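Note: the block below is coords18.txt and it holds compact mmCIF, C-alpha atoms and all ligand atoms.
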# COMPACT_ATOMS: atom_id res chain seq x y z
CA MET A 1 -19.45 -7.95 -33.27
CA ARG A 2 -15.67 -7.69 -33.28
CA LYS A 3 -13.86 -8.26 -30.00
CA GLY A 4 -12.38 -4.74 -30.14
CA ALA A 5 -15.82 -3.21 -30.47
CA ILE A 6 -17.15 -5.18 -27.50
CA ALA A 7 -14.18 -4.10 -25.41
CA LEU A 8 -14.73 -0.47 -26.44
CA ILE A 9 -18.40 -0.55 -25.39
CA THR A 10 -17.49 -2.20 -22.06
CA VAL A 11 -14.90 0.47 -21.41
CA GLY A 12 -17.48 3.14 -22.21
CA ILE A 13 -19.91 1.68 -19.68
CA ILE A 14 -17.20 1.41 -17.01
CA THR A 15 -16.05 4.95 -17.75
CA ALA A 16 -19.61 6.18 -17.29
CA MET A 17 -19.90 4.23 -14.02
CA LEU A 18 -16.63 5.55 -12.69
CA CYS A 19 -17.47 9.10 -13.62
CA SER A 20 -20.96 9.07 -12.14
CA CYS A 21 -19.72 7.64 -8.81
CA GLY A 22 -23.21 7.63 -7.36
CA LYS A 23 -23.25 11.43 -7.07
CA THR A 24 -26.16 13.80 -7.57
CA GLU A 25 -25.85 16.29 -10.43
CA SER A 26 -25.15 19.19 -8.06
CA GLU A 27 -22.51 17.19 -6.21
CA LYS A 28 -20.87 16.40 -9.52
CA GLU A 29 -20.82 20.08 -10.42
CA THR A 30 -19.14 21.07 -7.17
CA MET A 31 -16.45 18.42 -7.58
CA LYS A 32 -13.33 19.98 -9.01
CA GLU A 33 -12.37 18.42 -12.32
CA THR A 34 -8.72 18.20 -11.27
CA ASP A 35 -9.57 16.19 -8.15
CA LYS A 36 -10.43 13.13 -10.15
CA ILE A 37 -7.91 10.92 -11.90
CA GLU A 38 -9.41 9.07 -14.86
CA VAL A 39 -8.72 5.37 -14.62
CA THR A 40 -9.99 4.11 -17.94
CA GLY A 41 -6.41 3.68 -19.11
CA ASN A 42 -6.32 2.01 -22.47
CA ALA A 43 -8.44 -0.98 -21.59
CA ALA A 44 -9.86 -1.31 -25.09
CA ASP A 45 -6.42 -2.42 -26.24
CA ALA A 46 -6.17 -5.19 -23.69
CA ASP A 47 -7.06 -8.54 -25.10
CA LYS A 48 -8.58 -10.71 -22.41
CA ASP A 49 -7.88 -13.84 -24.41
CA THR A 50 -4.16 -13.41 -23.91
CA ALA A 51 -4.50 -13.73 -20.14
CA GLY A 52 -2.37 -16.56 -18.77
CA ASP A 53 -3.82 -19.72 -17.34
CA ILE A 54 -4.33 -18.98 -13.66
CA THR A 55 -6.17 -22.19 -12.85
CA GLY A 56 -5.09 -23.51 -9.49
CA ILE A 57 -3.59 -20.23 -8.29
CA ASP A 58 -4.06 -19.64 -4.58
CA LYS A 59 -5.59 -16.15 -4.49
CA ASP A 60 -4.77 -15.76 -0.78
CA ALA A 61 -1.08 -16.04 -1.61
CA PHE A 62 -1.25 -12.70 -3.42
CA ALA A 63 -2.94 -10.57 -0.83
CA SER A 64 -0.23 -9.57 1.60
CA GLY A 65 2.91 -11.50 1.00
CA ILE A 66 2.00 -14.70 2.77
CA LYS A 67 3.54 -16.81 0.04
CA LYS A 68 6.26 -19.22 1.23
CA GLU A 69 6.01 -18.01 4.78
CA GLU A 70 9.05 -18.17 6.99
CA SER A 71 7.88 -18.06 10.54
CA ASN A 72 8.90 -19.44 13.89
CA THR A 73 5.82 -18.17 15.65
CA THR A 74 4.31 -20.89 17.78
CA ASP A 75 2.79 -19.28 20.83
CA ASN A 76 -0.58 -17.57 21.23
CA THR A 77 0.37 -14.72 23.53
CA THR A 78 -2.30 -12.05 23.55
CA ASP A 79 -1.50 -8.74 21.92
CA ASN A 80 -1.31 -5.57 23.93
CA THR A 81 -4.52 -3.73 23.27
CA THR A 82 -5.13 -0.05 22.96
CA ASP A 83 -7.77 2.58 23.46
CA ASN A 84 -8.84 4.40 20.36
CA SER A 85 -11.29 6.94 19.14
CA SER A 86 -13.34 4.77 16.85
CA ASP A 87 -16.81 3.70 18.05
CA ASP A 88 -16.81 0.42 16.19
CA ALA A 89 -13.32 -0.44 17.39
CA THR A 90 -12.91 -4.18 17.66
CA ILE A 91 -9.44 -5.60 18.03
CA ILE A 92 -8.72 -7.76 15.02
CA PRO A 93 -7.38 -11.18 15.87
CA THR A 94 -4.52 -12.27 13.66
CA ALA A 95 -4.88 -15.49 11.72
CA SER A 96 -1.28 -16.45 12.40
CA PRO A 97 -0.13 -17.07 15.99
CA THR A 98 1.71 -14.30 17.81
CA PRO A 99 5.15 -15.14 19.21
CA THR A 100 6.35 -15.26 22.80
CA PRO A 101 7.68 -11.83 23.75
CA VAL A 102 11.41 -11.75 24.37
CA GLU A 103 13.14 -10.07 27.31
CA VAL A 104 15.32 -7.29 25.96
CA THR A 105 17.40 -5.35 28.45
CA THR A 106 19.55 -3.49 25.96
CA PRO A 107 17.91 -3.13 22.54
CA THR A 108 20.22 -3.92 19.62
CA PRO A 109 21.02 -0.48 18.22
CA ILE A 110 20.30 0.44 14.63
CA ILE A 111 22.78 2.74 12.95
CA ILE A 112 20.66 5.43 11.39
CA ASN A 113 22.22 6.53 8.12
CA GLY A 114 21.11 6.83 4.52
CA GLU A 115 22.22 3.28 3.65
CA ILE A 116 19.73 0.60 2.65
CA GLU A 117 19.93 -2.62 4.67
CA GLU A 118 18.63 -5.20 2.26
CA LYS A 119 17.32 -7.50 4.98
CA CYS A 120 15.26 -6.33 7.91
CA PRO A 121 17.34 -7.04 11.07
CA ALA A 122 15.86 -9.78 13.27
CA SER A 123 16.04 -7.50 16.31
CA VAL A 124 13.56 -5.11 14.66
CA THR A 125 10.89 -7.79 14.20
CA GLU A 126 11.17 -9.28 17.69
CA THR A 127 8.16 -9.16 19.97
CA ARG A 128 9.66 -7.56 23.06
CA LYS A 129 8.39 -7.64 26.63
CA ASP A 130 9.47 -4.04 27.17
CA VAL A 131 7.50 -2.64 24.21
CA LYS A 132 3.76 -1.98 24.14
CA TYR A 133 2.54 -2.62 20.63
CA GLY A 134 -0.49 -1.10 18.98
CA ALA A 135 -3.46 -3.14 17.87
CA PHE A 136 -5.41 -3.15 14.63
CA THR A 137 -9.06 -2.17 14.70
CA HIS A 138 -11.59 -1.92 11.89
CA GLY A 139 -13.63 1.08 10.83
CA THR A 140 -15.71 2.31 7.91
CA TYR A 141 -16.08 5.57 5.96
CA TYR A 142 -18.38 6.75 3.24
CA SER A 143 -16.65 6.96 -0.12
CA GLU A 144 -18.08 9.48 -2.57
CA THR A 145 -15.75 7.99 -5.17
CA CYS A 146 -17.26 4.55 -4.82
CA GLY A 147 -20.76 5.59 -3.75
CA MET A 148 -20.72 3.22 -0.81
CA GLU A 149 -19.49 2.63 2.73
CA ARG A 150 -16.01 1.12 2.78
CA GLY A 151 -13.81 -0.56 5.37
CA TYR A 152 -10.28 0.08 6.61
CA CYS A 153 -8.08 -1.37 9.34
CA ILE A 154 -5.98 0.95 11.43
CA LEU A 155 -3.01 0.33 13.69
CA LEU A 156 -2.96 2.91 16.45
CA PRO A 157 0.07 3.16 18.76
CA ALA A 158 -0.49 1.43 22.10
CA ASP A 159 -0.82 4.68 24.02
CA TYR A 160 -2.70 6.52 21.27
CA SER A 161 -4.03 9.76 22.68
CA ALA A 162 -5.99 12.64 21.19
CA GLU A 163 -3.53 14.90 23.05
CA LYS A 164 -0.76 13.85 20.67
CA LYS A 165 -0.58 13.93 16.88
CA TYR A 166 0.89 11.13 14.81
CA PRO A 167 2.26 10.72 11.29
CA VAL A 168 0.29 8.30 9.11
CA LEU A 169 1.39 5.52 6.79
CA TYR A 170 -1.14 4.31 4.21
CA LEU A 171 -0.27 0.69 3.43
CA LEU A 172 -1.75 -0.95 0.33
CA HIS A 173 -2.39 -4.69 -0.04
CA GLY A 174 -1.89 -7.01 -3.00
CA ILE A 175 -4.34 -8.31 -5.58
CA PHE A 176 -7.38 -10.19 -4.18
CA GLY A 177 -6.66 -8.63 -0.78
CA ASN A 178 -8.76 -6.34 1.35
CA GLU A 179 -8.40 -4.14 4.42
CA TYR A 180 -7.68 -7.20 6.57
CA SER A 181 -4.83 -8.58 4.47
CA PHE A 182 -2.05 -7.08 6.58
CA SER A 183 -3.73 -7.07 9.99
CA GLN A 184 -4.63 -10.75 9.84
CA ASP A 185 -1.12 -11.87 9.01
CA ALA A 186 1.08 -11.56 12.09
CA SER A 187 4.10 -12.78 10.12
CA ASN A 188 4.56 -9.49 8.28
CA LYS A 189 5.68 -7.98 11.64
CA ILE A 190 4.17 -4.59 10.86
CA LYS A 191 3.26 -4.00 14.51
CA GLU A 192 6.70 -5.03 15.69
CA ILE A 193 8.68 -3.02 13.13
CA ALA A 194 6.68 0.16 13.79
CA GLY A 195 6.46 -0.47 17.55
CA ASN A 196 10.13 -1.32 18.13
CA MET A 197 11.48 1.50 16.00
CA ALA A 198 9.23 4.01 17.79
CA ALA A 199 9.99 2.56 21.25
CA ASP A 200 13.72 2.93 20.60
CA GLY A 201 13.20 6.52 19.48
CA TYR A 202 14.18 6.17 15.83
CA ILE A 203 10.79 7.17 14.44
CA GLU A 204 7.75 8.88 15.86
CA GLU A 205 4.87 6.64 16.91
CA THR A 206 3.07 6.14 13.62
CA ILE A 207 -0.52 5.32 12.69
CA ILE A 208 -0.80 2.74 9.93
CA VAL A 209 -3.94 2.69 7.81
CA CYS A 210 -4.67 -0.39 5.71
CA PRO A 211 -7.44 0.41 3.24
CA ASP A 212 -9.44 -1.84 0.95
CA MET A 213 -7.70 -0.91 -2.28
CA TYR A 214 -10.43 -2.27 -4.57
CA ALA A 215 -12.28 1.00 -5.14
CA LYS A 216 -15.24 -0.44 -6.99
CA THR A 217 -18.24 1.67 -7.91
CA ASP A 218 -20.51 -1.32 -8.31
CA ILE A 219 -20.83 -3.86 -5.53
CA ALA A 220 -20.76 -6.64 -8.14
CA GLN A 221 -17.23 -5.83 -9.39
CA LYS A 222 -14.62 -8.43 -8.49
CA PRO A 223 -10.84 -8.36 -8.88
CA GLY A 224 -9.30 -10.59 -11.52
CA PHE A 225 -6.56 -10.86 -14.07
CA ASP A 226 -8.12 -8.78 -16.81
CA ALA A 227 -8.05 -5.08 -17.59
CA GLU A 228 -11.64 -4.34 -16.58
CA SER A 229 -11.38 -6.12 -13.26
CA CYS A 230 -8.26 -4.10 -12.42
CA LEU A 231 -9.82 -0.68 -13.03
CA PRO A 232 -11.12 -0.35 -9.44
CA TYR A 233 -7.52 -0.69 -8.20
CA ASP A 234 -6.52 2.21 -10.44
CA ASN A 235 -9.53 4.14 -9.13
CA PHE A 236 -8.21 3.86 -5.55
CA ILE A 237 -6.21 7.08 -6.02
CA ASN A 238 -9.51 8.97 -6.06
CA ASP A 239 -10.92 7.18 -3.02
CA LEU A 240 -7.68 7.66 -1.08
CA VAL A 241 -7.19 11.33 -1.83
CA ASN A 242 -10.80 12.52 -1.81
CA ASP A 243 -12.44 10.23 0.74
CA LEU A 244 -10.18 8.15 2.99
CA MET A 245 -7.45 10.68 3.77
CA PRO A 246 -9.91 13.46 4.66
CA TYR A 247 -11.82 10.98 6.84
CA ILE A 248 -8.70 9.79 8.68
CA GLU A 249 -7.51 13.37 9.15
CA LYS A 250 -10.91 14.28 10.65
CA GLU A 251 -11.43 11.21 12.84
CA TYR A 252 -7.95 10.58 14.21
CA SER A 253 -5.31 12.71 15.83
CA VAL A 254 -2.93 12.89 12.89
CA LEU A 255 -0.19 15.17 11.69
CA THR A 256 -0.98 16.31 8.16
CA GLY A 257 1.12 17.42 5.19
CA ARG A 258 3.56 15.42 3.08
CA GLU A 259 6.29 15.40 5.78
CA ASN A 260 3.93 13.36 7.97
CA THR A 261 2.14 11.33 5.33
CA TYR A 262 3.73 8.13 4.08
CA LEU A 263 2.65 5.66 1.39
CA ALA A 264 3.70 2.05 0.86
CA GLY A 265 2.25 -0.99 -0.83
CA PHE A 266 2.99 -4.55 -1.77
CA SER A 267 2.63 -5.95 -5.28
CA MET A 268 -0.69 -4.65 -6.67
CA GLY A 269 -0.45 -2.18 -3.78
CA GLY A 270 3.12 -1.40 -4.88
CA ARG A 271 1.92 -0.65 -8.40
CA GLU A 272 -0.76 1.73 -7.09
CA THR A 273 1.79 3.25 -4.70
CA LEU A 274 3.94 4.13 -7.71
CA PHE A 275 0.99 5.45 -9.68
CA ILE A 276 -0.38 7.55 -6.79
CA THR A 277 3.07 8.94 -5.98
CA LEU A 278 3.69 9.99 -9.57
CA LYS A 279 0.27 11.61 -9.83
CA LYS A 280 0.10 13.17 -6.33
CA PRO A 281 3.70 13.71 -5.15
CA GLU A 282 2.62 16.76 -3.16
CA LEU A 283 0.75 14.53 -0.72
CA PHE A 284 3.36 11.95 0.27
CA GLY A 285 6.82 12.72 1.60
CA TYR A 286 8.03 9.14 2.13
CA VAL A 287 7.15 6.30 -0.20
CA CYS A 288 8.02 2.63 -0.69
CA ALA A 289 6.71 0.45 -3.53
CA ILE A 290 7.45 -3.17 -2.60
CA SER A 291 7.46 -5.82 -5.34
CA ALA A 292 5.31 -3.61 -7.58
CA ALA A 293 3.05 -5.55 -9.97
CA PRO A 294 3.08 -5.02 -13.74
CA GLY A 295 0.59 -2.71 -15.40
CA ILE A 296 1.96 0.79 -14.87
CA VAL A 297 3.00 0.62 -18.52
CA ALA A 298 1.56 -1.67 -21.19
CA THR A 299 2.88 -5.23 -21.07
CA THR A 300 1.80 -8.85 -21.16
CA ASP A 301 2.89 -11.26 -18.45
CA ARG A 302 1.78 -14.81 -17.74
CA PHE A 303 -1.37 -13.57 -16.00
CA MET A 304 -2.80 -11.04 -18.43
CA SER A 305 -2.35 -8.24 -20.95
CA HIS A 306 -1.98 -4.85 -19.27
CA PRO A 307 -3.17 -1.81 -21.21
CA GLY A 308 -0.88 0.40 -19.08
CA GLN A 309 -1.82 3.22 -16.72
CA MET A 310 0.64 5.56 -18.45
CA GLU A 311 3.20 5.73 -21.23
CA GLU A 312 6.83 5.03 -20.29
CA SER A 313 7.69 8.69 -20.96
CA GLU A 314 5.09 9.70 -18.33
CA VAL A 315 6.61 7.59 -15.56
CA LYS A 316 8.16 10.60 -13.85
CA PHE A 317 7.11 13.61 -11.82
CA ALA A 318 5.68 16.67 -13.52
CA GLU A 319 8.25 19.43 -14.23
CA ASP A 320 7.18 21.68 -11.37
CA ALA A 321 6.29 18.86 -8.94
CA VAL A 322 7.51 18.72 -5.38
CA GLU A 323 9.13 15.28 -5.11
CA PRO A 324 9.05 12.84 -2.19
CA GLU A 325 11.94 13.07 0.28
CA VAL A 326 12.27 9.31 -0.05
CA PHE A 327 11.00 7.20 -2.94
CA ILE A 328 12.00 3.54 -2.60
CA LEU A 329 11.35 0.68 -5.00
CA CYS A 330 12.40 -2.80 -3.93
CA CYS A 331 11.73 -6.44 -4.70
CA GLY A 332 12.88 -9.90 -3.67
CA SER A 333 15.68 -11.22 -5.88
CA LYS A 334 13.69 -14.47 -6.24
CA ASP A 335 10.22 -13.00 -6.80
CA SER A 336 8.24 -15.70 -8.61
CA VAL A 337 5.13 -13.57 -9.21
CA VAL A 338 6.16 -10.13 -10.47
CA GLY A 339 9.66 -11.15 -11.55
CA LYS A 340 11.64 -8.35 -13.15
CA TYR A 341 8.80 -5.80 -13.35
CA PRO A 342 9.89 -3.81 -10.28
CA LYS A 343 13.40 -3.57 -11.72
CA SER A 344 11.92 -2.42 -15.02
CA TYR A 345 10.14 0.41 -13.17
CA HIS A 346 13.47 1.38 -11.64
CA GLU A 347 15.03 1.43 -15.12
CA ILE A 348 12.21 3.52 -16.56
CA LEU A 349 12.47 6.01 -13.69
CA GLU A 350 16.22 6.16 -14.19
CA THR A 351 15.83 6.76 -17.93
CA ASN A 352 13.34 9.52 -17.14
CA GLY A 353 15.73 11.13 -14.66
CA THR A 354 13.48 10.58 -11.64
CA ASP A 355 15.20 10.34 -8.25
CA HIS A 356 14.52 7.14 -6.35
CA ILE A 357 16.20 4.36 -4.39
CA TRP A 358 16.21 0.85 -5.90
CA TYR A 359 17.35 -2.33 -4.20
CA GLU A 360 16.77 -6.08 -4.20
CA ILE A 361 16.18 -8.23 -1.14
CA PRO A 362 18.56 -11.19 -1.54
CA GLY A 363 16.73 -14.50 -1.58
CA ALA A 364 13.27 -13.05 -0.97
CA ASP A 365 10.31 -14.28 -3.00
CA HIS A 366 6.92 -12.55 -3.33
CA ASP A 367 6.60 -12.68 0.42
CA ASN A 368 6.81 -11.11 3.86
CA ASN A 369 10.61 -10.96 3.71
CA ALA A 370 10.16 -8.32 1.02
CA ILE A 371 7.45 -6.53 3.02
CA LYS A 372 9.54 -6.48 6.22
CA SER A 373 12.56 -5.18 4.35
CA GLY A 374 10.59 -2.47 2.55
CA LEU A 375 8.88 -1.24 5.70
CA TYR A 376 12.07 -1.29 7.73
CA ASN A 377 14.00 0.67 5.12
CA LEU A 378 11.17 3.15 4.68
CA PHE A 379 11.17 3.83 8.44
CA LYS A 380 14.95 3.91 8.52
CA GLN A 381 15.02 6.52 5.75
CA ILE A 382 12.36 8.50 7.61
CA ALA A 383 14.47 8.30 10.77
CA TYR A 384 17.53 9.46 8.84
CA LYS A 385 15.85 12.34 7.02
CA LYS A 386 13.96 13.56 10.07
CA GLN A 387 16.73 13.29 12.67
C1 LIG A 401 -0.02 -9.35 -12.64
C2 LIG A 401 0.93 -9.97 -11.85
C3 LIG A 401 0.87 -9.85 -10.46
C4 LIG A 401 -1.02 -8.58 -12.05
C5 LIG A 401 -1.07 -8.44 -10.69
C6 LIG A 401 -0.15 -9.08 -9.89
C7 LIG A 401 -3.01 -7.31 -12.34
C8 LIG A 401 -0.29 -8.89 -8.48
C9 LIG A 401 0.20 -9.71 -7.55
C10 LIG A 401 -0.05 -9.42 -6.13
O1 LIG A 401 -0.71 -8.42 -5.80
O2 LIG A 401 0.44 -10.18 -5.31
O3 LIG A 401 -0.01 -9.45 -13.98
O4 LIG A 401 -1.93 -8.01 -12.87
Please rewrite the model in this file as structure tokens.
Amino acid sequence: MRKGAIALITVGIITAMLCSCGKTESEKETMKETDKIEVTGNAADADKDTAGDITGIDKDAFASGIKKEESNTTDNTTDNTTDNSSDDATIIPTASPTPTPVEVTTPTPIIINGEIEEKCPASVTETRKDVKYGAFTHGTYYSETCGMERGYCILLPADYSAEKKYPVLYLLHGIFGNEYSFSQDASNKIKEIAGNMAADGYIEETIIVCPDMYAKTDIAQKPGFDAESCLPYDNFINDLVNDLMPYIEKEYSVLTGRENTYLAGFSMGGRETLFITLKKPELFGYVCAISAAPGIVATTDRFMSHPGQMEESEVKFAEDAVEPEVFILCCGSKDSVVGKYPKSYHEILETNGTDHIWYEIPGADHDNNAIKSGLYNLFKQIAYKKQ
């Protein structure tokens, strides 16, 4: 049989699996057609044999920006813990050591304006004695999309209370990652950036949800550098919108609506952030795609051939769409993994007349310097727009 024919049959089987989603017939009938984004893309066109040689690649280096880590964290000071509403709440220890908190009497002020600061200021990532940081815990939800129970990690503010309501950031990991990718890497400073900026009154205390972005429908599916293995990432839009977000909004004390719902992701998570934002702009008011991986449009890089999730002409919002208040794309100027792809997304968006902010992080590779910068600027833009 010809390779094309084999690929076509495989795509057919995957399409059938993705569409059935482990639902009963009546459940399928009640599911609105428009609620489901098809993720079959154009996989039949992707030739697996053109995939680059990835022998010897450290898969962990992709997951959350831990490549070429810059860190001066040496001490094992315990995190501040927090109460939360989840029954199975277990504080997640970070793999990397947490730093000694610093005494800060007068916090270094941030000037809140619409300008991008390419590098995240050191004062924003400091672990301060005067700030109580949230802690990550793990939970699970049932995903109709995937037909199985799935995990997420959640960062609740230190004084999380059901009496208050919080905005939510959904933060998407890189390829080969999972819901622990961000929470187990203390060097990305997520807790510090969110905690310090809230403590100093720039942003509201914010809940950060880190899902498992590999929305597989078959437990045997595994991520990899080929079109089929990437389909579950593209299916995450359905899991997020139809399963995880409703669950989070039911189980936690969250503010809803696009003004209070933020989306960001790194690399593979950046690519899906772009895709989800373009498809569902009504759901997310503030968005940042950090070091977005190739594959939104058809291309071949050193890892694989990408069939493309959409045509270049479709990389824009629908005519009548409500657009995000803030839509940032950024990437390290020395990114050795996704290279110029994020910039190419910026150029496509520009060609298509789609409003967004684009910037490069000088000297940053495919690493936490890019993540820190993206998160900081997302929060800074939120602070600016909401002040
Ligand atoms: C690719 C290059 C990079 C790709 C994914 C990545 C699926 C993702 C990198 C990361 O998440 O760190 O061609 O294809």
Do you have, as JSON lines, the list of residues of chain A lying at most 7 Å from ligand LIG 401 (chain A), each with its nearest atom pair and that distance in Å to one decimal, counting all atoms listed in the file and ordered by chain then number?
{"residue": "A:Phe62", "atom": "CA", "partner": "A:LIG401", "partner_atom": "O2", "distance": 3.6}
{"residue": "A:Ala63", "atom": "CA", "partner": "A:LIG401", "partner_atom": "O2", "distance": 5.6}
{"residue": "A:Ser64", "atom": "CA", "partner": "A:LIG401", "partner_atom": "O2", "distance": 7.0}
{"residue": "A:Gly65", "atom": "CA", "partner": "A:LIG401", "partner_atom": "O2", "distance": 6.9}
{"residue": "A:Gly174", "atom": "CA", "partner": "A:LIG401", "partner_atom": "O1", "distance": 3.3}
{"residue": "A:Ile175", "atom": "CA", "partner": "A:LIG401", "partner_atom": "O1", "distance": 3.6}
{"residue": "A:Phe225", "atom": "CA", "partner": "A:LIG401", "partner_atom": "C7", "distance": 5.3}
{"residue": "A:Asp226", "atom": "CA", "partner": "A:LIG401", "partner_atom": "C7", "distance": 6.9}
{"residue": "A:Cys230", "atom": "CA", "partner": "A:LIG401", "partner_atom": "C7", "distance": 6.2}
{"residue": "A:Phe266", "atom": "CA", "partner": "A:LIG401", "partner_atom": "O1", "distance": 6.7}
{"residue": "A:Ser267", "atom": "CA", "partner": "A:LIG401", "partner_atom": "O1", "distance": 4.2}
{"residue": "A:Met268", "atom": "CA", "partner": "A:LIG401", "partner_atom": "O1", "distance": 3.9}
{"residue": "A:Gly269", "atom": "CA", "partner": "A:LIG401", "partner_atom": "O1", "distance": 6.6}
{"residue": "A:Ala293", "atom": "CA", "partner": "A:LIG401", "partner_atom": "C6", "distance": 4.8}
{"residue": "A:Pro294", "atom": "CA", "partner": "A:LIG401", "partner_atom": "O3", "distance": 5.4}
{"residue": "A:Gly295", "atom": "CA", "partner": "A:LIG401", "partner_atom": "O4", "distance": 6.4}
{"residue": "A:Asp301", "atom": "CA", "partner": "A:LIG401", "partner_atom": "O3", "distance": 5.6}
{"residue": "A:Arg302", "atom": "CA", "partner": "A:LIG401", "partner_atom": "O3", "distance": 6.8}
{"residue": "A:Phe303", "atom": "CA", "partner": "A:LIG401", "partner_atom": "O3", "distance": 4.8}
{"residue": "A:Met304", "atom": "CA", "partner": "A:LIG401", "partner_atom": "O3", "distance": 5.5}
{"residue": "A:Val337", "atom": "CA", "partner": "A:LIG401", "partner_atom": "C3", "distance": 5.8}
{"residue": "A:Val338", "atom": "CA", "partner": "A:LIG401", "partner_atom": "C3", "distance": 5.3}
Pick from A:Ile112, A:Leu274, A:Met148, A:Ile154, whichever lies nearest to Ser181 (chain A) using only C-alpha atoms: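 Of A:Ile112, A:Leu274, A:Met148, A:Ile154, the one nearest Ser181 (chain A) is A:Ile154, counting only C-alpha atoms.
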Selected residue of minimal separation from Ile361 (chain A) among A:Glu163, A:Asp335, A:Asp320, A:Glu312, counting all atoms listed in the file: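 Selected residue with least distance to Ile361 (chain A): A:Asp335.
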Å distance separating CA of Lys216 (chain A) from CA of Ile248 (chain A), one decimal place: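 That distance, rounded to one decimal, is 19.8 Å.
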Close residues, Met197 (chain A) itself excluded, 12 Å, all atoms listed in the file, min 2 positions apart in chain, as a PyMOL selection string: chain A and resi 107-112+120-121+123-128+131-133+157+189-195+199-206+375-383
For region 136-143 of chain A: contacts at 8 Å, all atoms listed in the file, fewer than 4 positions along chain excluded, given as JSON, numbers by chain: {"A": [86, 88, 89, 90, 91, 92, 147, 148, 149, 150, 151, 152, 153, 154, 155, 156, 183, 239, 243, 244, 247]}
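Take the candidates A:Val315, A:Leu263, A:Ile290, A:Ala321 and check each one against Pro342 (chain A) using only C-alpha atoms; the shortest distance goes to A:Ile290.
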Pairwise distance for CA of Ala198 (chain A) and CA of Lys372 (chain A), rounded to one decimal in Å: 15.6 Å
Atom-to-atom span, CA of Ala289 (chain A) and CA of Leu349 (chain A), Å: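 That distance, rounded to one decimal, is 12.9 Å.
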